[in-house]
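In what follows, a single structure is set out as structure tokens and then discussed.
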Amino acid sequence: MNAPHTHSPRFELQAPALNHWRAGNTGIEGVWRFEASEPGRDVLVTALVHGNELCGAWALLEALEAGIRPRRGALTLAFCNLAAFDRFDPLDTDRSRFVDQDFNRLWGAMPWRRHATELNREQQRVLELQPVVERADWLLDLHSMHAQGPPLGLTGLMAHHAAHAASWGAPGILVADAGHAAGTRMRDHGRFGHARDEQAVALLVECGWHGDLSSRTVALDMLHRFLHASGCLDHTDLPARWRSPDAPSAPQQLLVTHAITVQPGQAPQFHQDYRTGQVIEHGGTVIGHDGAQAVVTPYDGCVLVMPSLAHATPGATMVRLARRV
Ligand SMILES: [Zn+2]
């Protein structure tokens with residue numbers, strides 16, 4: 001068995017210098033908010049939920065430097081986990097994913113708020129950003145991935161999120177999934193996790209591999225589509241150069257049926273260097289091992305989503321298995 005991710009390509013995307021954009025204008029570090037006089041949606045775009053996922057930070061910097069302002073409603077731009085981003089090291093990029101705990105597993109009911117005696121860095125930051133997330137009607141959360149693969153959007157399980165995302169035309173793969181056993185994501189928090197609240201729309205976009213320059217191109221393309229669709233800006237308000245010429249025609253939609261969680265014991269392994277979007281033709285195919293158990297595809301035409309051993313501690317998600325919708 002060969003261990004994947006041992007022959008990573010060169011990490012080309014540099015960490016952006018946030019400079020004076022780091023401060024924000026809201027009293028919350030890293031959070032910028034602009035309000036229009038006309039009514040409209042409250043729109044939020046987030047980056048650096050994981051400190052080593054730089055593409056979204058580049059996109060927010062572009063928006064700030066371009067002086068983008070909403071015509072209707074409000075636009076908030078937030079650099080989320082700055083403490084983790086500050087640790088970014090191009091020679092050890094996984095180290096800056098978080099400081100104490102994954103920021104994107106701390107949302108939802110937040111049982112840790114009742115039990116924690118002393119809050120860690122990410123818990124403190126979640127409490128700072130919670131009002132920002134809770135006032136938003138629409139959320140675009142920009143991420144990148146541990147491994148190379150096509151950009152994909154994570155829509156959660158409610159159909160209205162996927163329907164909106166599909167109408168934006170990108171990214172090329174939309175994945176409906178319930179999230180992670182290890183904890184709730186920001187994109188599933190509060191209204192974004194309520195089936196009946198169809199006014200609340202959230203999309204998490206994995207813009208490609210962390211180190212690829214193309215991840216920044218995808219992030220800007222998504223930012224353009226999202227801001228236009230939200231109605232907070234008109235098409236002509238947005239820089240045309242943000243739109244990527246090689247955007248897909250119509251997104252392919254996948255439904256995650258199984259999320260394989262890393263078990264304690266023997267370190268998990270994949271039998272090949274699998275990629276997101278890869279289809280395993282035959283049900284019953286053993287694709288790896290997790291603890292003492294074989295990881296087996298449960299049906300024909302099973303699609304692999306984000307296979308990763310980069311943070312393979314017990315409880316983390318190793319791979320999601322999906323059907324084409
Ligand atoms: Zn991420």
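Starting from 1 in every chain, residues are counted up; chains themselves are A, B, ... following the order of the structure tokens, and ligands are numbered from 1 as listed.
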
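Considering only C-alpha atoms and all ligand atoms, every residue of the polymer chains approaching ligand 1 to 7 Å or closer is listed here: A:Val49, A:His50, A:Glu53, A:His143, A:Ser144, A:Met145.
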
Write out, as a PDB file, in the first residue's frame, the residues just selected, with N, CA and C atoms.
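Full text of out-v6.pdb as output:
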```
ATOM      1  N   VAL A  49     -11.202  30.484   7.500  1.00  0.00           N
ATOM      2  CA  VAL A  49     -11.785  29.614   8.537  1.00  0.00           C
ATOM      3  C   VAL A  49     -10.726  28.582   8.940  1.00  0.00           C
ATOM      4  N   HIS A  50      -9.961  28.155   7.956  1.00  0.00           N
ATOM      5  CA  HIS A  50      -8.743  27.380   8.205  1.00  0.00           C
ATOM      6  C   HIS A  50      -7.556  28.251   7.788  1.00  0.00           C
ATOM      7  N   GLU A  53      -5.703  28.102   4.347  1.00  0.00           N
ATOM      8  CA  GLU A  53      -6.498  28.122   3.119  1.00  0.00           C
ATOM      9  C   GLU A  53      -6.569  29.564   2.625  1.00  0.00           C
ATOM     10  N   HIS A 143     -12.930  28.128   1.056  1.00  0.00           N
ATOM     11  CA  HIS A 143     -11.923  27.190   1.579  1.00  0.00           C
ATOM     12  C   HIS A 143     -11.077  26.648   0.437  1.00  0.00           C
ATOM     13  N   SER A 144     -10.049  25.859   0.811  1.00  0.00           N
ATOM     14  CA  SER A 144      -9.337  25.037  -0.167  1.00  0.00           C
ATOM     15  C   SER A 144      -9.075  23.678   0.465  1.00  0.00           C
ATOM     16  N   MET A 145      -8.502  22.748  -0.326  1.00  0.00           N
ATOM     17  CA  MET A 145      -8.429  21.335   0.082  1.00  0.00           C
ATOM     18  C   MET A 145      -6.995  20.846   0.285  1.00  0.00           C
TER      19      MET A 145
END
```

Spatial neighbours of region 202-219 of chain A, max dist 6 Å, only C-alpha atoms, sep filter under 3 positions, as a PyMOL selection string: chain A and resi 11-13+53+55-56+138-155+187+222

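With only C-alpha atoms as the atoms that count, the minimum distance from Pro298 (chain A) to the choices A:Glu65, A:Glu122, A:Glu281, A:Glu38 is reached by A:Glu281.
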
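Closest approach to Leu233 (chain A) from the set A:Glu35, A:Glu134, A:Asp197, A:Asp300 is made by A:Glu35, with distances taken over only C-alpha atoms.
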
Contacts of region 135-137 of chain A at 10 Å or less, counting only C-alpha atoms, minus same-chain residues fewer than 6 places along, as an MDAnalysis selection string? chainID A and resid 40:45 74:76 190:192 197:202 230

If you keep all heavy atoms, can you produce a file of those selected residues as a short mmCIF file (atom, residue, chain, number, x, y, z; two decimals), in the first residue's frame?
```cif
data_model
loop_
_atom_site.label_atom_id
_atom_site.label_comp_id
_atom_site.auth_asym_id
_atom_site.auth_seq_id
_atom_site.Cartn_x
_atom_site.Cartn_y
_atom_site.Cartn_z
N GLY A 40 -32.02 45.32 1.47
CA GLY A 40 -31.58 44.14 0.71
C GLY A 40 -31.04 43.10 1.66
O GLY A 40 -31.14 43.25 2.88
N ARG A 41 -30.49 42.06 1.10
CA ARG A 41 -29.97 40.97 1.92
C ARG A 41 -28.76 41.40 2.74
O ARG A 41 -27.99 42.26 2.33
CB ARG A 41 -29.55 39.80 1.03
CG ARG A 41 -30.70 39.06 0.42
CD ARG A 41 -30.24 37.70 -0.11
NE ARG A 41 -31.41 36.95 -0.54
CZ ARG A 41 -31.86 36.93 -1.79
NH1 ARG A 41 -31.23 37.58 -2.74
NH2 ARG A 41 -32.93 36.23 -2.09
N ASP A 42 -28.59 40.71 3.87
CA ASP A 42 -27.37 40.84 4.67
C ASP A 42 -26.45 39.71 4.21
O ASP A 42 -26.75 38.54 4.42
CB ASP A 42 -27.74 40.70 6.15
CG ASP A 42 -26.75 41.40 7.04
OD1 ASP A 42 -25.56 41.00 7.00
OD2 ASP A 42 -27.14 42.34 7.75
N VAL A 43 -25.36 40.08 3.55
CA VAL A 43 -24.53 39.11 2.84
C VAL A 43 -23.16 39.04 3.51
O VAL A 43 -22.55 40.07 3.83
CB VAL A 43 -24.39 39.55 1.36
CG1 VAL A 43 -23.38 38.70 0.64
CG2 VAL A 43 -25.75 39.47 0.68
N LEU A 44 -22.69 37.81 3.73
CA LEU A 44 -21.41 37.59 4.43
C LEU A 44 -20.50 36.71 3.57
O LEU A 44 -20.95 35.68 3.05
CB LEU A 44 -21.68 36.90 5.78
CG LEU A 44 -20.49 36.37 6.57
CD1 LEU A 44 -19.54 37.50 6.99
CD2 LEU A 44 -20.98 35.61 7.82
N VAL A 45 -19.24 37.12 3.43
CA VAL A 45 -18.24 36.28 2.77
C VAL A 45 -17.10 36.06 3.76
O VAL A 45 -16.58 37.03 4.33
CB VAL A 45 -17.69 36.91 1.47
CG1 VAL A 45 -16.75 35.93 0.76
CG2 VAL A 45 -18.83 37.32 0.55
N ALA A 74 -26.52 44.78 3.08
CA ALA A 74 -25.22 44.95 3.74
C ALA A 74 -24.27 43.86 3.27
O ALA A 74 -24.69 42.74 2.95
CB ALA A 74 -25.39 44.88 5.25
N LEU A 75 -23.00 44.22 3.23
CA LEU A 75 -21.96 43.26 2.84
C LEU A 75 -20.92 43.21 3.96
O LEU A 75 -20.38 44.26 4.36
CB LEU A 75 -21.29 43.70 1.54
CG LEU A 75 -20.04 42.91 1.13
CD1 LEU A 75 -20.38 41.45 0.85
CD2 LEU A 75 -19.38 43.55 -0.11
N THR A 76 -20.67 42.00 4.47
CA THR A 76 -19.64 41.80 5.49
C THR A 76 -18.57 40.87 4.93
O THR A 76 -18.90 39.85 4.31
CB THR A 76 -20.25 41.20 6.77
OG1 THR A 76 -21.28 42.06 7.23
CG2 THR A 76 -19.20 41.05 7.85
N GLY A 190 -27.08 27.77 12.99
CA GLY A 190 -28.30 28.58 13.14
C GLY A 190 -29.26 28.44 11.96
O GLY A 190 -29.63 27.33 11.58
N ARG A 191 -29.64 29.59 11.39
CA ARG A 191 -30.61 29.58 10.28
C ARG A 191 -30.13 28.73 9.10
O ARG A 191 -30.94 28.21 8.35
CB ARG A 191 -30.79 31.01 9.76
CG ARG A 191 -31.42 31.96 10.75
CD ARG A 191 -31.42 33.36 10.16
NE ARG A 191 -32.27 33.45 8.99
CZ ARG A 191 -32.16 34.42 8.07
NH1 ARG A 191 -31.25 35.37 8.19
NH2 ARG A 191 -32.98 34.46 7.04
N PHE A 192 -28.82 28.64 8.92
CA PHE A 192 -28.30 27.90 7.77
C PHE A 192 -28.54 26.39 7.91
O PHE A 192 -28.40 25.65 6.94
CB PHE A 192 -26.81 28.19 7.57
CG PHE A 192 -26.54 29.65 7.32
CD1 PHE A 192 -25.72 30.37 8.18
CD2 PHE A 192 -27.11 30.30 6.25
CE1 PHE A 192 -25.48 31.72 7.96
CE2 PHE A 192 -26.89 31.65 6.02
CZ PHE A 192 -26.06 32.36 6.88
N ASP A 197 -36.15 27.59 6.98
CA ASP A 197 -35.72 28.96 6.69
C ASP A 197 -35.07 29.02 5.31
O ASP A 197 -33.85 28.93 5.16
CB ASP A 197 -34.74 29.45 7.76
CG ASP A 197 -34.55 30.97 7.67
OD1 ASP A 197 -34.89 31.54 6.60
OD2 ASP A 197 -34.07 31.56 8.63
N GLU A 198 -35.91 29.19 4.30
CA GLU A 198 -35.39 29.17 2.94
C GLU A 198 -34.81 30.51 2.53
O GLU A 198 -34.27 30.66 1.43
CB GLU A 198 -36.48 28.70 1.96
CG GLU A 198 -36.92 27.27 2.29
CD GLU A 198 -37.56 26.55 1.12
OE1 GLU A 198 -37.71 27.17 0.05
OE2 GLU A 198 -37.91 25.37 1.30
N GLN A 199 -34.92 31.52 3.39
CA GLN A 199 -34.29 32.81 3.11
C GLN A 199 -32.80 32.77 3.45
O GLN A 199 -32.04 33.64 3.03
CB GLN A 199 -34.95 33.93 3.93
CG GLN A 199 -36.44 34.08 3.68
CD GLN A 199 -36.75 34.22 2.20
OE1 GLN A 199 -36.15 35.03 1.51
NE2 GLN A 199 -37.67 33.41 1.70
N ALA A 200 -32.41 31.81 4.26
CA ALA A 200 -30.99 31.69 4.66
C ALA A 200 -30.30 30.71 3.71
O ALA A 200 -30.74 29.58 3.56
CB ALA A 200 -30.91 31.20 6.10
N VAL A 201 -29.24 31.16 3.08
CA VAL A 201 -28.54 30.35 2.08
C VAL A 201 -27.05 30.38 2.39
O VAL A 201 -26.47 31.45 2.57
CB VAL A 201 -28.80 30.88 0.66
CG1 VAL A 201 -27.94 30.15 -0.36
CG2 VAL A 201 -30.28 30.76 0.29
N ALA A 202 -26.44 29.20 2.45
CA ALA A 202 -24.99 29.14 2.70
C ALA A 202 -24.34 28.17 1.73
O ALA A 202 -24.89 27.11 1.43
CB ALA A 202 -24.72 28.69 4.13
N SER A 230 -26.75 37.54 -5.02
CA SER A 230 -27.35 37.98 -3.75
C SER A 230 -28.16 39.26 -3.93
O SER A 230 -28.96 39.60 -3.07
CB SER A 230 -26.25 38.23 -2.71
OG SER A 230 -25.57 39.45 -2.99
#
```

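Every protein or nucleic acid residue with an atom no more than 7 Å from Gln252 (chain A), counting only C-alpha atoms and leaving out same-chain residues fewer than 6 positions away, appears here: Gly172, Ile173 and Leu174 of chain A.
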
Save out the residues we just selected, C-alpha atoms, as a PDB file, in the first residue's frame.
```pdb
ATOM      1  CA  GLY A 172     -18.663  22.251 -11.106  1.00  0.00           C
ATOM      2  CA  ILE A 173     -19.486  19.758  -8.359  1.00  0.00           C
ATOM      3  CA  LEU A 174     -22.051  20.385  -5.620  1.00  0.00           C
TER       4      LEU A 174
END
```

Quick one: pick out all helix (DSSP H, G or I) residues within region 122-321 of chain A from a backbone DSSP run and write them as a PyMOL selection string. chain A and resi 122-134+159-168+186-188+190-193+213-230+235-237+240-242

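Here the question is which of A:Gly284, A:Gly315, A:Pro16, A:Gly73 gets nearest to Ala57 (chain A) using only C-alpha atoms, and that residue is A:Pro16.
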
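The nearest approach to Phe103 (chain A) among the residues A:Val303, A:Ala182, A:Leu77, A:Ala170, with only C-alpha atoms taken into account, belongs to A:Ala182.
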
In terms of only C-alpha atoms, the residue from A:Leu255, A:Val296, A:Ala166, A:Leu220 at minimal distance from His271 (chain A) is A:Val296

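Among the candidates A:Pro131, A:Pro268, A:Pro70, A:Gly108, the residue lying nearest to Ile28 (chain A) is A:Pro131 (atoms considered: only C-alpha atoms).
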
Can you pull out every residue from region 97-311 of chain A that DSSP, working from the backbone, puts in strand (DSSP E or B), and format the result as a PyMOL selection string? chain A and resi 107+138-145+152-154+173-176+180+183-184+201-209+252-261+269-270+279-280+286-290+293-296+302-305
